[in-house]
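K.L.:
Supplied structure: start_32.cif, mmCIF, C-alpha atoms and all ligand atoms.
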```cif
data_coords
loop_
_atom_site.label_atom_id
_atom_site.label_comp_id
_atom_site.auth_asym_id
_atom_site.auth_seq_id
_atom_site.Cartn_x
_atom_site.Cartn_y
_atom_site.Cartn_z
CA MET A 1 -90.94 200.91 -95.77
CA GLU A 2 -92.87 200.97 -92.47
CA SER A 3 -96.15 199.18 -92.09
CA THR A 4 -98.07 197.12 -89.57
CA ASP A 5 -100.88 196.30 -91.94
CA ALA A 6 -100.89 192.76 -93.36
CA SER A 7 -102.79 193.76 -96.51
CA THR A 8 -100.24 196.50 -97.30
CA LEU A 9 -97.41 194.02 -96.73
CA ALA A 10 -99.17 191.47 -98.92
CA ALA A 11 -99.67 193.96 -101.76
CA THR A 12 -95.98 194.87 -101.60
CA VAL A 13 -94.83 191.25 -101.54
CA LEU A 14 -97.17 190.22 -104.33
CA GLY A 15 -96.12 193.21 -106.43
CA ARG A 16 -92.51 192.10 -106.11
CA PHE A 17 -93.30 188.69 -107.64
CA ALA A 18 -96.28 189.56 -109.84
CA ALA A 19 -94.49 189.20 -113.19
CA ALA A 20 -92.90 185.90 -112.19
CA ILE A 21 -96.25 184.59 -110.91
CA GLU A 22 -98.01 185.70 -114.10
CA HIS A 23 -95.49 183.97 -116.36
CA ALA A 24 -94.83 180.84 -114.29
CA PRO A 25 -95.60 177.64 -116.23
CA ARG A 26 -97.09 176.08 -113.08
CA PRO A 27 -98.41 177.31 -109.74
CA PHE A 28 -95.87 179.71 -108.22
CA VAL A 29 -94.94 178.49 -104.74
CA LEU A 30 -94.26 181.40 -102.41
CA GLY A 31 -92.74 180.36 -99.09
CA ILE A 32 -93.21 182.35 -95.91
CA SER A 33 -90.81 181.46 -93.14
CA GLY A 34 -91.32 182.91 -89.68
CA LEU A 35 -91.01 181.72 -86.11
CA GLN A 36 -94.02 181.06 -83.90
CA GLY A 37 -96.52 183.91 -83.81
CA SER A 38 -94.59 186.06 -86.28
CA GLY A 39 -97.69 186.57 -88.46
CA LYS A 40 -97.28 183.89 -91.15
CA SER A 41 -100.91 182.85 -91.42
CA THR A 42 -102.09 186.48 -91.31
CA LEU A 43 -99.74 187.39 -94.16
CA ALA A 44 -100.69 184.22 -96.07
CA ALA A 45 -104.41 185.08 -95.82
CA ALA A 46 -103.71 188.64 -96.98
CA LEU A 47 -101.69 187.32 -99.92
CA ILE A 48 -104.54 185.03 -100.96
CA GLU A 49 -106.93 187.98 -100.76
CA ALA A 50 -104.58 190.16 -102.82
CA ALA A 51 -104.18 187.37 -105.38
CA HIS A 52 -107.95 186.99 -105.68
CA GLN A 53 -108.23 190.74 -106.25
CA ARG A 54 -105.95 190.27 -109.26
CA GLY A 55 -108.23 187.50 -110.47
CA TRP A 56 -105.71 184.77 -109.63
CA GLY A 57 -106.62 181.44 -108.10
CA ALA A 58 -104.59 181.00 -104.92
CA VAL A 59 -104.34 178.55 -102.06
CA ALA A 60 -102.58 178.73 -98.70
CA MET A 61 -100.98 175.76 -97.05
CA SER A 62 -98.96 175.42 -93.89
CA LEU A 63 -96.29 173.00 -92.83
CA ASP A 64 -98.59 172.65 -89.80
CA ASP A 65 -101.21 171.06 -92.08
CA VAL A 66 -99.05 168.01 -92.67
CA TYR A 67 -97.99 167.12 -89.14
CA LEU A 68 -97.81 163.38 -88.74
CA THR A 69 -100.97 162.01 -87.18
CA ARG A 70 -101.04 161.45 -83.44
CA ALA A 71 -100.71 157.69 -83.96
CA GLU A 72 -97.68 158.15 -86.23
CA ARG A 73 -95.97 160.40 -83.67
CA GLU A 74 -96.82 157.95 -80.91
CA ALA A 75 -95.06 155.24 -82.92
CA LEU A 76 -92.00 157.48 -83.37
CA ALA A 77 -92.03 158.24 -79.64
CA VAL A 78 -91.86 154.53 -78.89
CA GLU A 79 -89.41 153.57 -81.64
CA VAL A 80 -87.10 156.60 -81.73
CA HIS A 81 -87.47 159.07 -78.84
CA PRO A 82 -90.25 160.15 -76.45
CA LEU A 83 -89.79 163.83 -77.39
CA LEU A 84 -91.20 163.04 -80.85
CA ARG A 85 -94.68 162.88 -79.35
CA THR A 86 -94.67 166.68 -79.63
CA ARG A 87 -95.56 167.85 -83.13
CA GLY A 88 -93.56 170.43 -85.01
CA VAL A 89 -89.88 169.54 -85.17
CA PRO A 90 -88.38 168.22 -88.43
CA GLY A 91 -89.25 164.56 -88.73
CA THR A 92 -92.83 165.10 -87.51
CA HIS A 93 -94.21 166.21 -90.89
CA ASP A 94 -95.54 164.09 -93.73
CA LEU A 95 -93.38 165.55 -96.51
CA ALA A 96 -94.61 162.99 -99.04
CA LEU A 97 -98.18 164.19 -98.50
CA LEU A 98 -97.15 167.81 -98.92
CA GLY A 99 -95.07 167.04 -102.02
CA SER A 100 -97.80 165.00 -103.68
CA THR A 101 -100.36 167.73 -102.92
CA LEU A 102 -98.14 170.38 -104.54
CA SER A 103 -97.65 168.17 -107.59
CA ALA A 104 -101.34 167.31 -107.86
CA LEU A 105 -102.27 171.03 -107.79
CA GLU A 106 -100.49 171.44 -111.14
CA LYS A 107 -103.10 169.16 -112.71
CA ALA A 108 -106.16 169.98 -110.59
CA SER A 109 -109.46 169.84 -112.48
CA PRO A 110 -113.16 169.49 -111.68
CA GLU A 111 -112.78 165.79 -112.55
CA ARG A 112 -109.70 165.47 -110.30
CA PRO A 113 -110.11 167.99 -107.47
CA VAL A 114 -107.14 168.09 -105.11
CA PRO A 115 -107.76 167.69 -101.37
CA ILE A 116 -105.68 170.11 -99.28
CA PRO A 117 -104.63 168.52 -95.97
CA ARG A 118 -105.75 170.26 -92.79
CA PHE A 119 -104.71 169.64 -89.18
CA ASP A 120 -106.91 169.97 -86.09
CA LYS A 121 -104.68 171.54 -83.42
CA GLY A 122 -107.43 171.22 -80.80
CA HIS A 123 -107.38 167.42 -81.13
CA ASP A 124 -103.70 167.27 -82.08
CA ASP A 125 -104.54 165.16 -85.11
CA ARG A 126 -105.10 165.49 -88.83
CA TYR A 127 -108.69 166.05 -89.95
CA GLU A 128 -110.27 163.19 -91.89
CA GLU A 129 -109.67 163.65 -95.62
CA ALA A 130 -113.43 164.10 -96.19
CA GLN A 131 -113.12 167.37 -94.22
CA TRP A 132 -110.26 168.82 -96.27
CA PRO A 133 -111.09 171.60 -98.74
CA THR A 134 -110.56 170.77 -102.40
CA ILE A 135 -109.16 172.75 -105.31
CA ALA A 136 -110.59 172.10 -108.78
CA GLU A 137 -108.18 174.02 -111.02
CA PRO A 138 -104.46 174.78 -110.89
CA PRO A 139 -103.99 177.91 -108.77
CA ARG A 140 -101.66 180.59 -110.02
CA LEU A 141 -100.24 181.01 -106.52
CA VAL A 142 -99.57 178.61 -103.66
CA VAL A 143 -98.54 180.23 -100.39
CA LEU A 144 -96.72 177.78 -98.17
CA GLU A 145 -95.90 178.95 -94.65
CA GLY A 146 -93.92 177.30 -91.88
CA TRP A 147 -91.78 178.06 -88.87
CA CYS A 148 -88.63 176.38 -90.19
CA LEU A 149 -88.99 176.86 -93.97
CA GLY A 150 -85.57 177.14 -95.56
CA VAL A 151 -83.53 176.19 -92.48
CA GLU A 152 -80.54 173.91 -93.12
CA PRO A 153 -79.26 171.13 -90.85
CA ALA A 154 -76.49 172.00 -88.40
CA GLY A 155 -74.18 169.02 -88.44
CA PRO A 156 -72.80 167.25 -85.36
CA ASP A 157 -70.51 170.03 -84.04
CA GLU A 158 -73.38 172.41 -83.36
CA LEU A 159 -75.36 169.64 -81.72
CA ALA A 160 -72.84 168.63 -79.08
CA GLU A 161 -73.97 170.98 -76.29
CA PRO A 162 -77.58 171.22 -75.10
CA VAL A 163 -79.14 174.67 -75.57
CA ASN A 164 -81.77 174.51 -72.84
CA ALA A 165 -83.17 172.59 -69.88
CA LEU A 166 -85.28 170.30 -72.08
CA GLU A 167 -82.23 169.15 -74.02
CA ARG A 168 -80.16 168.83 -70.83
CA GLY A 169 -82.84 166.86 -69.02
CA GLU A 170 -84.66 164.82 -71.66
CA ASP A 171 -82.04 164.60 -74.40
CA ALA A 172 -78.87 164.36 -72.36
CA ASP A 173 -77.21 162.01 -74.86
CA GLY A 174 -78.27 164.17 -77.84
CA ARG A 175 -80.06 161.35 -79.65
CA TRP A 176 -83.26 163.34 -80.23
CA ARG A 177 -81.56 166.45 -81.55
CA ARG A 178 -79.28 164.43 -83.84
CA TRP A 179 -82.27 162.53 -85.25
CA VAL A 180 -84.20 165.78 -85.79
CA ASP A 181 -81.23 167.44 -87.48
CA ALA A 182 -80.73 164.45 -89.78
CA ARG A 183 -84.42 164.61 -90.78
CA LEU A 184 -83.98 168.26 -91.72
CA SER A 185 -81.73 167.20 -94.62
CA GLY A 186 -84.81 165.54 -96.09
CA TYR A 187 -86.60 168.92 -96.15
CA ARG A 188 -84.16 170.36 -98.69
CA SER A 189 -86.13 169.01 -101.63
CA LEU A 190 -89.15 170.91 -100.32
CA TRP A 191 -87.13 174.11 -99.91
CA GLU A 192 -86.03 173.67 -103.54
CA ARG A 193 -89.66 173.70 -104.67
CA LEU A 194 -90.12 177.23 -103.34
CA ASP A 195 -90.03 179.76 -106.18
CA ALA A 196 -89.44 182.54 -103.64
CA LEU A 197 -88.87 182.85 -99.92
CA VAL A 198 -90.22 185.64 -97.73
CA VAL A 199 -88.82 185.74 -94.21
CA LEU A 200 -90.67 187.33 -91.30
CA GLN A 201 -87.63 188.05 -89.17
CA ALA A 202 -88.39 188.25 -85.44
CA PRO A 203 -86.15 190.51 -83.35
CA SER A 204 -84.99 187.67 -81.06
CA TRP A 205 -85.89 184.29 -79.63
CA ASP A 206 -87.00 185.95 -76.36
CA VAL A 207 -89.54 188.06 -78.25
CA VAL A 208 -90.86 184.92 -79.99
CA ALA A 209 -91.37 183.30 -76.58
CA ALA A 210 -93.25 186.42 -75.43
CA TRP A 211 -95.47 186.31 -78.58
CA ARG A 212 -96.28 182.68 -77.89
CA ASP A 213 -97.18 183.54 -74.31
CA GLU A 214 -99.50 186.31 -75.58
CA ALA A 215 -101.24 183.77 -77.83
CA GLU A 216 -101.73 181.34 -74.95
CA ARG A 217 -103.05 183.87 -72.42
CA PRO A 218 -106.61 184.10 -73.80
CA LEU A 219 -106.86 180.30 -73.84
CA ARG A 220 -105.75 180.20 -70.20
CA GLU A 221 -108.19 182.96 -69.26
CA ARG A 222 -111.05 181.10 -70.93
CA GLY A 223 -110.06 177.98 -68.99
CA GLU A 224 -109.52 175.92 -72.14
CA PRO A 225 -108.28 172.44 -71.22
CA ARG A 226 -105.53 172.58 -73.86
CA ALA A 227 -104.15 175.92 -72.55
CA MET A 228 -100.58 175.62 -71.30
CA ASP A 229 -99.38 177.11 -68.03
CA ASP A 230 -96.01 178.91 -67.87
CA LEU A 231 -94.00 175.77 -67.22
CA GLU A 232 -95.69 173.76 -69.96
CA LEU A 233 -95.27 176.61 -72.43
CA SER A 234 -91.61 177.02 -71.59
CA ARG A 235 -91.01 173.27 -72.06
CA PHE A 236 -92.97 173.29 -75.35
CA LEU A 237 -90.98 176.19 -76.78
CA GLN A 238 -87.70 174.51 -75.93
CA HIS A 239 -88.46 171.83 -78.55
CA TYR A 240 -88.02 174.52 -81.22
CA GLU A 241 -85.36 176.75 -79.68
CA ARG A 242 -82.29 175.27 -81.34
CA ILE A 243 -83.62 175.39 -84.89
CA SER A 244 -85.36 178.72 -84.27
CA ARG A 245 -82.09 180.33 -83.20
CA ARG A 246 -80.46 178.90 -86.34
CA ALA A 247 -83.31 180.35 -88.42
CA LEU A 248 -82.73 183.77 -86.87
CA ARG A 249 -79.02 183.56 -87.68
CA SER A 250 -79.21 182.13 -91.16
CA LEU A 251 -82.41 182.83 -93.08
CA GLU A 252 -81.96 186.49 -93.95
CA ALA A 253 -79.08 185.51 -96.22
CA LYS A 254 -81.21 183.20 -98.37
CA ALA A 255 -84.49 185.15 -98.41
CA ASP A 256 -85.81 186.97 -101.49
CA VAL A 257 -87.67 189.38 -99.21
CA VAL A 258 -86.95 190.00 -95.53
CA LEU A 259 -89.61 191.66 -93.40
CA ARG A 260 -87.85 192.63 -90.19
CA LEU A 261 -90.29 192.80 -87.30
CA ASP A 262 -90.03 194.76 -84.10
CA GLU A 263 -91.53 193.42 -80.88
CA HIS A 264 -94.95 194.82 -81.90
CA ARG A 265 -94.67 193.00 -85.25
CA ARG A 266 -94.22 196.28 -87.08
CA ALA A 267 -92.48 195.36 -90.29
CA CYS A 268 -89.67 197.06 -92.07
CA ARG A 269 -88.85 195.63 -95.52
CA ARG A 270 -85.34 194.99 -96.66
N1 LIG B 301 -98.60 192.68 -89.51
C1 LIG B 301 -99.06 192.50 -88.26
N2 LIG B 301 -99.09 193.52 -87.39
C2 LIG B 301 -99.54 193.35 -86.13
N3 LIG B 301 -100.00 192.18 -85.63
C3 LIG B 301 -100.00 191.12 -86.46
C4 LIG B 301 -99.52 191.22 -87.81
N4 LIG B 301 -99.60 189.98 -88.38
C5 LIG B 301 -100.11 189.17 -87.42
N5 LIG B 301 -100.36 189.84 -86.29
C6 LIG B 301 -100.92 189.26 -85.05
O1 LIG B 301 -99.95 188.38 -84.50
C7 LIG B 301 -100.56 187.21 -83.97
C8 LIG B 301 -99.94 185.98 -84.62
O2 LIG B 301 -100.26 186.00 -86.01
P1 LIG B 301 -100.36 184.67 -86.87
O3 LIG B 301 -101.31 183.71 -86.24
O4 LIG B 301 -100.61 185.10 -88.27
O5 LIG B 301 -98.88 184.13 -86.71
P2 LIG B 301 -98.28 182.72 -87.15
O6 LIG B 301 -96.85 182.98 -87.45
O7 LIG B 301 -99.11 182.12 -88.22
O8 LIG B 301 -98.45 181.92 -85.79
P3 LIG B 301 -98.22 180.35 -85.49
O9 LIG B 301 -96.77 180.08 -85.62
O10 LIG B 301 -98.68 180.24 -84.06
O11 LIG B 301 -99.07 179.59 -86.46
C9 LIG B 301 -102.06 187.36 -84.21
O12 LIG B 301 -102.64 187.86 -83.03
C10 LIG B 301 -102.13 188.38 -85.34
O13 LIG B 301 -103.33 189.12 -85.27
#
```
So that I can check it, write out the structure of this file as structure tokens.
P.N.:
Amino acid sequence: MESTDASTLAATVLGRFAAAIEHAPRPFVLGISGLQGSGKSTLAAALIEAAHQRGWGAVAMSLDDVYLTRAEREALAVEVHPLLRTRGVPGTHDLALLGSTLSALEKASPERPVPIPRFDKGHDDRYEEAQWPTIAEPPRLVVLEGWCLGVEPAGPDELAEPVNALERGEDADGRWRRWVDARLSGYRSLWERLDALVVLQAPSWDVVAAWRDEAERPLRERGEPRAMDDLELSRFLQHYERISRRALRSLEAKADVVLRLDEHRRACRR
């Protein structure tokens, strides 16, 4: 099936799981895994819209919503490794917060509304809880999206050689990548909570880097202080390269639905 339209993709994906969602004894957790800029949040929003059209309560969450706070990452940077100041790699998420939110959603009620964590990327910090949206009844569908959803740890053999200049220069002894990989084992219990996994499969890591550059360009052109120049962007992306390449190699095999993307994000379902 060819399509570039997120709402068509969403209708197809939702149709595939509709019976399971309808009969699930608790909120059905649909995972969307896709590398940076692959269209996860667009697809998640379209899925929520499609769910609402069916009369289902639905909520979207992102692994990005539960980044550790800036202060928590600062502490990790001091105690473990300076590279942990940068949000996003395994070990920089509050999995307990995500897990307790998913559990609380099963029992949401007007008396016990569930706050859904939200992260402020502009300030690189979590919003105050008072600013989080709340959900007052168990949704039928939870869409959880993230760049490394479903990825397994590598083990020490794969970690021996650096994969890029960041690892060669700032993680020469491999301490950071070993710590990150060990944290990824702790994500398995979250992967097990996914009732289904949809993978947005990018054509290659180079295309992902190009997508990220496209996303940054308007910020640079507007002169936003947080916009990254080419060097900063390249360094930033190298934090994720190792696990992203592993995702590209390994996730298709464990996905329930694979949406293979071309470099224009045109999807072809498999
Ligand atoms: N199906 C699609 N066809 C064409 N373009 C798309 C499609 N889905 C998303 N896009 C575009 O791709 C860009 C990235 O989309 P989106 O923000 O949803 O990706 P993401 O994976 O959530 O990104 P990030 O990892 O940065 O959070 C946006 O400009 C969006 O409009």
K.L.:
Near Met228 (chain A), counting only C-alpha atoms, which residues have an atom at most 10 Å away, once you skip same-chain residues fewer than 4 positions from it, shown as a PyMOL selection string?
P.N.:
chain A and resi 213+216-217+219-220+224+232-236
K.L.:
Distance limit 8 Å, reference ligand LIG 301 (chain B), atoms considered: all atoms listed in the file. Which residues make the cut? Give them as a PDB file with C-alpha atoms, keeping the file's coordinate frame.
P.N.:
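Writing the result to result_26.pdb gives the following:
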```pdb
ATOM      1  CA  SER A   3     -96.150 199.180 -92.090  1.00  0.00           C
ATOM      2  CA  THR A   4     -98.070 197.120 -89.570  1.00  0.00           C
ATOM      3  CA  ASP A   5    -100.880 196.300 -91.940  1.00  0.00           C
ATOM      4  CA  ALA A   6    -100.890 192.760 -93.360  1.00  0.00           C
ATOM      5  CA  LEU A   9     -97.410 194.020 -96.730  1.00  0.00           C
ATOM      6  CA  GLY A  34     -91.320 182.910 -89.680  1.00  0.00           C
ATOM      7  CA  LEU A  35     -91.010 181.720 -86.110  1.00  0.00           C
ATOM      8  CA  GLN A  36     -94.020 181.060 -83.900  1.00  0.00           C
ATOM      9  CA  GLY A  37     -96.520 183.910 -83.810  1.00  0.00           C
ATOM     10  CA  SER A  38     -94.590 186.060 -86.280  1.00  0.00           C
ATOM     11  CA  GLY A  39     -97.690 186.570 -88.460  1.00  0.00           C
ATOM     12  CA  LYS A  40     -97.280 183.890 -91.150  1.00  0.00           C
ATOM     13  CA  SER A  41    -100.910 182.850 -91.420  1.00  0.00           C
ATOM     14  CA  THR A  42    -102.090 186.480 -91.310  1.00  0.00           C
ATOM     15  CA  LEU A  43     -99.740 187.390 -94.160  1.00  0.00           C
ATOM     16  CA  ALA A  44    -100.690 184.220 -96.070  1.00  0.00           C
ATOM     17  CA  ASP A  64     -98.590 172.650 -89.800  1.00  0.00           C
ATOM     18  CA  GLU A 145     -95.900 178.950 -94.650  1.00  0.00           C
ATOM     19  CA  GLY A 146     -93.920 177.300 -91.880  1.00  0.00           C
ATOM     20  CA  TRP A 147     -91.780 178.060 -88.870  1.00  0.00           C
ATOM     21  CA  TRP A 211     -95.470 186.310 -78.580  1.00  0.00           C
ATOM     22  CA  ARG A 212     -96.280 182.680 -77.890  1.00  0.00           C
ATOM     23  CA  ALA A 215    -101.240 183.770 -77.830  1.00  0.00           C
ATOM     24  CA  HIS A 264     -94.950 194.820 -81.900  1.00  0.00           C
ATOM     25  CA  ARG A 265     -94.670 193.000 -85.250  1.00  0.00           C
ATOM     26  CA  ARG A 266     -94.220 196.280 -87.080  1.00  0.00           C
ATOM     27  CA  ALA A 267     -92.480 195.360 -90.290  1.00  0.00           C
TER      28      ALA A 267
END
```
K.L.:
Report, in Å to a single decimal, how far apart CA of Gly31 (chain A) and CA of Leu251 (chain A) are.
P.N.:
12.2 Å
K.L.:
For CA of Glu129 (chain A) and CA of Ile116 (chain A), determine how far apart the two atoms are, in Å to one decimal place.
P.N.:
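Computing the Euclidean distance for CA of Glu129 (chain A) and CA of Ile116 (chain A) yields 8.4 Å.
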K.L.:
CA of Ser103 (chain A) to CA of Ala247 (chain A): how many Å, to one decimal?
P.N.:
26.9 Å
K.L.:
Taking all atoms listed in the file into account, name the residue in A:Leu159, A:Ala20, A:Val13, A:Cys148 that is nearest to Arg177 (chain A).
P.N.:
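Smallest distance to Arg177 (chain A) is found for A:Leu159.
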K.L.:
Would you pick out the contacts of Ala255 (chain A) at 7 Å or less, using all atoms listed in the file, so that residues sharing its chain but fewer than 3 positions from it are not included, and give the list as a list in words?
P.N.:
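Here the qualifying residues turn out to be Leu197, Val198, Val199, Leu251, Glu252 and Val258 of chain A.
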K.L.:
May I have the protein, DNA and RNA residues with any atom at most 12 Å from the point (-96.6, 169.9, -99.1), counting all atoms listed in the file, written as an MDAnalysis selection string?
P.N.:
chainID A and resid 29 31 59:67 93:105 115:118 142:146 149 187 189:191 193:194
K.L.:
Kindly indicate which residue among A:Trp205, A:Trp176, A:Trp56, A:Phe119 lies nearest to Arg140 (chain A), using all atoms listed in the file for the distances.
P.N.:
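The answer is A:Trp56, which sits nearest to Arg140 (chain A).
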K.L.:
Using all atoms listed in the file, what table do you get, as a Markdown table, when you list each residue of region 70-124 of chain A with an atom no more than 12 Å from region 168-171 of chain A, its nearest pair of atoms, and their distance in Å rounded to one decimal, rows by chain then rising number?
P.N.:
```
| residue | atom | partner | partner_atom | distance |
| --- | --- | --- | --- | --- |
| A:Val80 | CA | A:Asp171 | CA | 12.0 |
| A:His81 | CA | A:Asp171 | CA | 8.9 |
| A:Pro82 | CA | A:Glu170 | CA | 8.7 |
| A:Leu83 | CA | A:Glu170 | CA | 7.8 |
| A:Leu84 | CA | A:Asp171 | CA | 11.3 |
```
K.L.:
Name the closest residue to Ser7 (chain A) among the candidates A:Ser204, A:Gln53, A:Thr134, A:Gln238; distances are taken between atoms, counting only C-alpha atoms.
P.N.:
A:Gln53
K.L.:
When distances are computed from all atoms listed in the file, which of A:Leu184, A:Val89, A:Ile32, A:Ala24 shows the smallest separation from Glu106 (chain A)?
P.N.:
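Counting all atoms listed in the file, the residue closest to Glu106 (chain A) is A:Ala24.
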K.L.:
Using all atoms listed in the file, which residue out of A:Ala10, A:Ala209, A:Leu68, A:Leu259 lies closest to Asp125 (chain A)?
P.N.:
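Result for the nearest residue to Asp125 (chain A): A:Leu68.
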K.L.:
Name the closest residue to Ala77 (chain A) among the candidates A:Glu161, A:Ala18, A:Glu241, A:Gly91; distances are taken between atoms, counting all atoms listed in the file.
P.N.:
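Counting all atoms listed in the file, the residue closest to Ala77 (chain A) is A:Gly91.
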K.L.:
Can you report as lines of an AutoDock Vina configuration file the centre and edge lengths in Å, to one decimal, of an axis-aligned box around the listed atoms of region 72-75 of chain A padded with 8 Å on each side?
P.N.:
```
center_x = -96.4
center_y = 157.8
center_z = -83.6
size_x = 18.6
size_y = 21.2
size_z = 21.3
```
